[in-house]
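To start, the structure itself, in structure tokens.
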Number of protein chains: 2
Amino acid sequence: MTLLAGHPTKVGRLAFVDQDYPIVLPVNFRVHRGSVVFRSDTGSKYMAAAMGQKVAFEVDDVDEAWQEGWSVLIQGMCHEITDPHQLKLIDGIGLNAWAGANMHTLEILHHRITGRRIV
Amino acid sequence: MTLLAGHPTKVGRLAFVDQDYPIVLPVNFRVHRGSVVFRSDTGSKYMAAAMGQKVAFEVDDVDEAWQEGWSVLIQGMCHEITDPHQLKLIDGIGLNAWAGANMHTLEILHHRITGRRIV
């Protein structure tokens, strides 16, 4: 979570299964209370499909040329944050969405966190 | 595929389902004969799990500050390339693995390619 909180672009990738195939989407995230939070368009059918599902969220910082870097994989469930107090706190940590207007704030309740470092 | 072939870091994310949960891994890729190819450690239990499975492969180029970029999602099956002639051609296109020694060359047989561009 320290690596994630200090990630330069704060873009991770969210994966889940939608209609039989996995899907991966780039997501702008922040770390809030030790969890990954992000926002989603109201109209996103993908995000709707991700709700309440087993998901994976991956963040990495890889330098291809130097063949070094790290990768963190979070596996868990996606749920929506609706508590106004928490939403206000999250507004304060600079969470933008990757694309367009956003309505839903989602959190990943992690079941397992793993990582690897290449040196 | 043109976007992927010109991607600056040639790092994409491979997702598949392993033991109930999705997994996402950063993967150094190239485009070969119109398909995504990459290499994998012999010992990777993850890659073994991905073989013959429905997978997703995502590549993006996102500028968080400017809120612009693109994302391409490939959904298909993973299979191993064993033809020596093809392997030699792939050796010539600068395909390194992200980590350590590599033995297997994998290809994504795409079933569906989708993308979005944020401007």
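All residue names refer to the structure tokens as shown: chains lettered A, B, ... in order, residues numbered from 1 in each chain, ligands numbered from 1 in order.
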(request) If you run DSSP over the backbone, which residues in stretch 46-76 of chain B end up strand (DSSP E)? Put them as a VMD selection string. (result) chain B and resid 54 to 63 68 to 76
(request) Please return as a ChimeraX atom specification: the residues of stretch 21-75 of chain B that backbone DSSP assigns to alpha helix (DSSP H). (result) /B:45-50
Can you write out the residues you just picked, keeping all heavy atoms, as a CSV table (one decimal), in the first residue's frame?
chain,number,residue,atom,x,y,z
B,45,LYS,N,3.8,-20.6,-12.6
B,45,LYS,CA,2.5,-21.3,-12.4
B,45,LYS,C,1.3,-20.5,-13.0
B,45,LYS,O,0.3,-21.0,-13.4
B,45,LYS,CB,2.2,-21.6,-10.9
B,45,LYS,CG,2.1,-20.4,-10.0
B,45,LYS,CD,1.7,-20.8,-8.6
B,45,LYS,CE,1.6,-19.5,-7.8
B,45,LYS,NZ,1.0,-19.7,-6.5
B,46,TYR,N,1.5,-19.1,-13.0
B,46,TYR,CA,0.5,-18.3,-13.5
B,46,TYR,C,0.3,-18.5,-15.0
B,46,TYR,O,-0.7,-18.6,-15.5
B,46,TYR,CB,0.8,-16.8,-13.2
B,46,TYR,CG,0.7,-16.5,-11.7
B,46,TYR,CD1,1.7,-15.7,-11.1
B,46,TYR,CD2,-0.3,-16.9,-11.0
B,46,TYR,CE1,1.7,-15.4,-9.8
B,46,TYR,CE2,-0.4,-16.7,-9.6
B,46,TYR,CZ,0.6,-15.9,-9.0
B,46,TYR,OH,0.6,-15.6,-7.7
B,47,MET,N,1.5,-18.5,-15.7
B,47,MET,CA,1.4,-18.6,-17.1
B,47,MET,C,0.9,-20.0,-17.5
B,47,MET,O,0.1,-20.1,-18.4
B,47,MET,CB,2.8,-18.4,-17.7
B,47,MET,CG,3.3,-17.0,-17.6
B,47,MET,SD,2.1,-15.8,-18.5
B,47,MET,CE,2.9,-14.2,-18.1
B,48,ALA,N,1.3,-21.0,-16.7
B,48,ALA,CA,0.7,-22.3,-17.0
B,48,ALA,C,-0.8,-22.3,-16.8
B,48,ALA,O,-1.5,-22.9,-17.6
B,48,ALA,CB,1.3,-23.3,-16.0
B,49,ALA,N,-1.3,-21.5,-15.9
B,49,ALA,CA,-2.7,-21.4,-15.6
B,49,ALA,C,-3.4,-20.7,-16.8
B,49,ALA,O,-4.6,-20.9,-17.1
B,49,ALA,CB,-3.0,-20.7,-14.3
B,50,ALA,N,-2.7,-19.8,-17.4
B,50,ALA,CA,-3.3,-19.0,-18.5
B,50,ALA,C,-3.4,-19.7,-19.8
B,50,ALA,O,-4.2,-19.4,-20.6
B,50,ALA,CB,-2.4,-17.7,-18.7
(request) Determine which residues of chain B sit within 6 Å of chain A, taking into account only C-alpha atoms, and present them as a PyMOL selection string. (result) chain B and resi 21-24+54-56+58
(request) Quick one: everything within 9 Å of B:Arg30, counting only C-alpha atoms, minus sequence neighbours fewer than 2 positions away in the same chain. Send it as a VMD selection string. (result) chain B and resid 4 to 5 10 to 11 28 32 35 to 38 90 93 to 95
Would you save the residues of that selection, restricted to N, CA, C and O atoms, as a JSON list (two decimals), in the first residue's frame?
[["chain", "number", "residue", "atom", "x", "y", "z"],
["B", 4, "LEU", "N", -0.55, -0.47, -30.44],
["B", 4, "LEU", "CA", 0.26, -1.39, -29.63],
["B", 4, "LEU", "C", 1.69, -1.47, -30.16],
["B", 4, "LEU", "O", 2.65, -1.46, -29.37],
["B", 5, "ALA", "N", 1.81, -1.54, -31.48],
["B", 5, "ALA", "CA", 3.15, -1.67, -32.07],
["B", 5, "ALA", "C", 4.01, -0.43, -31.78],
["B", 5, "ALA", "O", 5.23, -0.53, -31.69],
["B", 10, "LYS", "N", 6.03, -0.83, -24.30],
["B", 10, "LYS", "CA", 5.68, -2.21, -24.67],
["B", 10, "LYS", "C", 5.39, -3.08, -23.45],
["B", 10, "LYS", "O", 5.75, -4.25, -23.41],
["B", 11, "VAL", "N", 4.80, -2.47, -22.45],
["B", 11, "VAL", "CA", 4.33, -3.23, -21.29],
["B", 11, "VAL", "C", 2.81, -3.20, -21.30],
["B", 11, "VAL", "O", 2.20, -2.12, -21.32],
["B", 28, "ASN", "N", 5.79, -7.76, -20.91],
["B", 28, "ASN", "CA", 6.48, -7.09, -22.00],
["B", 28, "ASN", "C", 6.08, -7.77, -23.30],
["B", 28, "ASN", "O", 6.26, -8.98, -23.44],
["B", 32, "HIS", "N", 3.43, -9.33, -33.46],
["B", 32, "HIS", "CA", 4.03, -10.21, -34.46],
["B", 32, "HIS", "C", 2.92, -10.80, -35.31],
["B", 32, "HIS", "O", 1.99, -11.42, -34.77],
["B", 35, "SER", "N", -0.57, -10.16, -34.11],
["B", 35, "SER", "CA", -1.00, -10.66, -32.80],
["B", 35, "SER", "C", -0.01, -10.20, -31.72],
["B", 35, "SER", "O", 1.15, -9.91, -32.00],
["B", 36, "VAL", "N", -0.51, -10.19, -30.49],
["B", 36, "VAL", "CA", 0.35, -9.90, -29.35],
["B", 36, "VAL", "C", 1.13, -11.15, -28.98],
["B", 36, "VAL", "O", 0.54, -12.22, -28.82],
["B", 37, "VAL", "N", 2.45, -11.02, -28.87],
["B", 37, "VAL", "CA", 3.28, -12.12, -28.40],
["B", 37, "VAL", "C", 4.10, -11.66, -27.19],
["B", 37, "VAL", "O", 4.40, -10.48, -27.05],
["B", 38, "PHE", "N", 4.40, -12.61, -26.33],
["B", 38, "PHE", "CA", 5.21, -12.29, -25.15],
["B", 38, "PHE", "C", 5.88, -13.58, -24.68],
["B", 38, "PHE", "O", 5.55, -14.67, -25.13],
["B", 90, "ILE", "N", 10.56, -14.01, -34.05],
["B", 90, "ILE", "CA", 10.20, -13.26, -32.83],
["B", 90, "ILE", "C", 11.45, -12.84, -32.07],
["B", 90, "ILE", "O", 11.50, -11.75, -31.50],
["B", 93, "ILE", "N", 12.59, -9.35, -33.05],
["B", 93, "ILE", "CA", 11.80, -8.13, -32.84],
["B", 93, "ILE", "C", 11.95, -7.59, -31.43],
["B", 93, "ILE", "O", 11.13, -6.81, -30.94],
["B", 94, "GLY", "N", 13.03, -8.01, -30.78],
["B", 94, "GLY", "CA", 13.39, -7.36, -29.51],
["B", 94, "GLY", "C", 12.51, -7.71, -28.34],
["B", 94, "GLY", "O", 12.27, -6.88, -27.46],
["B", 95, "LEU", "N", 12.03, -8.91, -28.33],
["B", 95, "LEU", "CA", 11.14, -9.31, -27.23],
["B", 95, "LEU", "C", 11.94, -9.79, -26.03],
["B", 95, "LEU", "O", 12.51, -10.87, -26.04]]
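Omitting stretch 84-88 of chain A and its sequence neighbours fewer than 3 positions away, and counting only C-alpha atoms, the residues within 10 Å are His32, Arg33, Ile81, Asp91, Gly92, Ile93, His104 and Thr105 of chain A.
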Dump of C-alpha atoms for the selected residues, as a PDB file, in the first residue's frame:
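File out35.pdb, as written:
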ATOM      1  CA  HIS A  32      -7.794   5.745   1.386  1.00  0.00           C
ATOM      2  CA  ARG A  33      -7.838   4.139   4.837  1.00  0.00           C
ATOM      3  CA  ILE A  81     -18.759   3.965  -0.823  1.00  0.00           C
ATOM      4  CA  ASP A  91     -12.723  14.348  -2.443  1.00  0.00           C
ATOM      5  CA  GLY A  92      -9.784  15.795  -0.561  1.00  0.00           C
ATOM      6  CA  ILE A  93      -7.191  13.300  -1.774  1.00  0.00           C
ATOM      7  CA  HIS A 104     -19.682   6.435  -8.066  1.00  0.00           C
ATOM      8  CA  THR A 105     -16.841   5.987  -5.639  1.00  0.00           C
TER       9      THR A 105
END
(message) For a quick check of understanding, using only C-alpha atoms, which of B:Asp83, B:Leu109, B:Thr2, B:Gly12 has the smallest distance to B:Gly52?
(response) B:Leu109
(request) Report the distance between atom CA of B:Asp41 and atom CA of B:Phe29 in Å, rounded to one decimal place. (result) 13.8 Å
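Closest approach to A:Leu3 from the set A:Met103, A:Asp18, A:Cys78, A:Gly34 is made by A:Gly34, with distances taken over only C-alpha atoms.
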